[in-house]
Every structure is written in C-alpha cells, then in structure tokens.
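S.K.: First the structure, then my questions, so here it is.
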Amino acid sequence: MVKKILFTLALVALTTLAGGAQDAKSLVSMTSKAMGADQVKTIQLSASGMEYAFGQAYNPGSPWPGWKMKSETRTIDFDAPALRIERVADTPDPTRKGGGLQPGAMQQLIVNANTPWPNQLPIWLTPYGFLRQAARNDVTLGSATMGGKKYSVVTFIAPNKAKVNGYIGADNMIAKVETWIDSTRRRMWPLTSRRRSAGAVRRVGAVAGRRVHRHSSSATASS
C-alpha cells in the first residue's frame, strides 16, 4: 500500500511538472503569434539619453557621473544573431564630477553569436529575442503582480546560469523581460527591459561596468 501511494504521488508530481512546462510552451507560442514574433527578422532601435559610469561617483553621497549621448542606434538581426550599435556622444558637460572613461565621439560595436552571453543581452532582452530563446529552451511558468496587474511569468535559464523572466499580460503581450549578470562586487546585477508602447522600448540596466538610461526611443521592425 505504501509503495502504491508513493508511486501515485510521484506520478502526480511528474504529471504536474510536465503540464506546467507544456503550459509555458503554449503561452510562448500564443504570445509569439500575438506579437508577430515569428515573422520579425530584424528590428532597429534609436534613442538619445545618458550613460552613467558605474560606481564612479564624486563622493559617496553623489550620483554616478553621466555622459550625454546625442544618439544611439541598435540594429538587431535575430536570425544571425547579431547586433550593431552606432553611437554619437554629445559635448561633455564641463561641470561633470566623478570618474569613468569618456566615450569616443563616434563608436560602432558589433555583437554576434560568438560574443559572450552578457554582451548579447541587448538582443535577447527585447520581447522578440526573449520569445525566440524561450521557444528553444526549457521553460517554466509562474505568476507575479506588477503595478497592480497580474502577469504570467515565463522563465528559462541562461548560459550564465541566471534566470531570464518574461512577464506576459492577459493580452499576450510582453510587458517586461529581466535577468541578472555577474558584477565585480560578487553579486548578480539586474537587467530589465520594459515595453512602454507599441513602438518604444525603455531599457535600464548595467553592462560592462556602465549603467545606461535611454529615452526618446523609437523602434522599427521588418520581416
């Protein structure tokens, strides 16, 4: 009798886990269809804003010093995958205090499939990139409340062993994608991408010792 009960409990647990994974995959598929993610091959994001030097404040009570960016354009190819970043720095503020390396007047950076995972995150933290990764990875399904609204949370484990969470609303649209990367302070540093509207993405996070805040964003997608 004991063996039979234990076997039944184990079978129920396995069935529940399999059902949860299937529900997560189904939600990913429905969200991809609702957002047209399967047809999107490339996107381009343009913005202006500030880049802040991580941990380089003038004194413990002052904010991180920033560099103003006149423009930044990111072109993402999801099939490759690849990312091209083109940046134009604004005139430095003469009153700026604190450390940090001043960006070049003009920069172009290329990221591809061979680039370390943390540097690929600008690709996979987009809603379309997250859905592609979720479709090819093992996923789990949870729930969370954000801003007073309930969301389904789809999660997969990234190559750096950190969770990547996608918050999906009742409209089958992704509202937020988040993950964590290692920092020099022996902790996991959060990265977040949020959907503001149908044509704009706001991203706040930290990559390679820099904290970035983009505003005045626009986005285009092509298939």
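Order determines the names: the first chain of the structure tokens is A, the second B, and so forth; residues in each chain are numbered 1 upward, and ligands are numbered 1 upward as they are shown.
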Write out as CSV the residues of stretch 114-163 of chain A that have any atom within 10 Å of an atom of stretch 80-104 of chain A, one row each with the nearest atom pair and its distance in Å to one decimal, counting only C-alpha atoms, sorted by chain and then rising number.
M.R.:
```
residue,atom,partner,partner_atom,distance
A:Asn114,CA,A:Pro81,CA,9.5
A:Thr115,CA,A:Ala82,CA,9.3
A:Asn119,CA,A:Leu83,CA,9.7
A:Gln120,CA,A:Leu83,CA,7.9
A:Leu121,CA,A:Leu83,CA,10.0
A:Pro122,CA,A:Leu83,CA,8.0
A:Ile123,CA,A:Leu83,CA,6.9
A:Trp124,CA,A:Pro81,CA,9.7
A:Gly129,CA,A:Pro81,CA,9.5
```
S.K.: For the strand (DSSP E or B) assignment from backbone DSSP, which residues of stretch 34-136 of chain A qualify? Please present them as number ranges by chain.
M.R.: A: 42-53, 66-77, 82-89, 106-112
S.K.: Can you list every residue in stretch 41-130 of chain A that DSSP puts in helix (DSSP H, G or I), as a list in words?
M.R.: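 Secondary structure check on stretch 41-130 of chain A, helix (DSSP H, G or I): Trp117, Pro118, Asn119, Gln120, Leu121, Pro122, Ile123, Trp124, Pro127, Tyr128, Gly129 and Phe130 of chain A.
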S.K.: I need the residues from that last selection saved to file as a PDB file, in the first residue's frame (with C-alpha atoms), if you can.
M.R.:
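After the write, result27.pdb holds the following:
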```pdb
ATOM      1  CA  TRP A 117      26.345  35.995 -23.296  1.00  0.00           C
ATOM      2  CA  PRO A 118      26.248  39.222 -21.207  1.00  0.00           C
ATOM      3  CA  ASN A 119      27.111  41.264 -24.296  1.00  0.00           C
ATOM      4  CA  GLN A 120      24.377  39.506 -26.293  1.00  0.00           C
ATOM      5  CA  LEU A 121      21.691  40.533 -23.795  1.00  0.00           C
ATOM      6  CA  PRO A 122      20.551  43.620 -25.755  1.00  0.00           C
ATOM      7  CA  ILE A 123      19.330  41.082 -28.353  1.00  0.00           C
ATOM      8  CA  TRP A 124      17.610  38.649 -26.014  1.00  0.00           C
ATOM      9  CA  PRO A 127      10.382  40.934 -26.489  1.00  0.00           C
ATOM     10  CA  TYR A 128      11.107  39.235 -29.841  1.00  0.00           C
ATOM     11  CA  GLY A 129      14.501  37.976 -28.674  1.00  0.00           C
ATOM     12  CA  PHE A 130      13.090  36.623 -25.426  1.00  0.00           C
TER      13      PHE A 130
END
```
S.K.: Have a look at atom CA of A:Asp38 and atom CA of A:Phe78 and let me know their distance in Å, one decimal.
M.R.: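 Atom CA of A:Phe78 lies 10.3 Å from atom CA of A:Asp38.
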S.K.: Using only C-alpha atoms, which residues sit within 8 Å of stretch 156-158 of chain A once same-chain residues fewer than 4 positions away are excluded, as a CSV table (one decimal) with N, CA and C atoms, in the first residue's frame?
M.R.:
```csv
chain,number,residue,atom,x,y,z
A,134,ALA,N,13.0,31.6,-25.4
A,134,ALA,CA,12.1,30.8,-24.7
A,134,ALA,C,11.6,29.6,-25.5
A,137,ASN,N,14.4,26.9,-25.4
A,137,ASN,CA,14.9,26.4,-24.1
A,137,ASN,C,13.8,25.8,-23.3
A,138,ASP,N,14.2,25.0,-22.2
A,138,ASP,CA,13.2,24.5,-21.3
A,138,ASP,C,12.7,25.7,-20.5
A,139,VAL,N,11.4,25.8,-20.3
A,139,VAL,CA,10.8,26.9,-19.7
A,139,VAL,C,9.8,26.5,-18.6
A,140,THR,N,9.6,27.3,-17.6
A,140,THR,CA,8.7,27.1,-16.5
A,140,THR,C,7.7,28.3,-16.5
A,162,ALA,N,21.8,32.2,-14.8
A,162,ALA,CA,20.8,33.1,-14.3
A,162,ALA,C,19.5,32.9,-14.9
A,163,LYS,N,18.4,33.2,-14.2
A,163,LYS,CA,17.1,33.2,-14.7
A,163,LYS,C,16.8,34.3,-15.7
A,164,VAL,N,16.0,34.1,-16.7
A,164,VAL,CA,15.5,35.1,-17.6
A,164,VAL,C,14.0,35.0,-17.5
A,165,ASN,N,13.4,36.1,-17.0
A,165,ASN,CA,11.9,36.1,-16.8
A,165,ASN,C,11.2,37.0,-17.8
```
S.K.: Which one of A:Thr126, A:Asn112, A:Thr73, A:Ser26 sits closest to A:Val40 if you count only C-alpha atoms?
M.R.: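 Of the candidates, the smallest distance to A:Val40 is held by A:Thr126.
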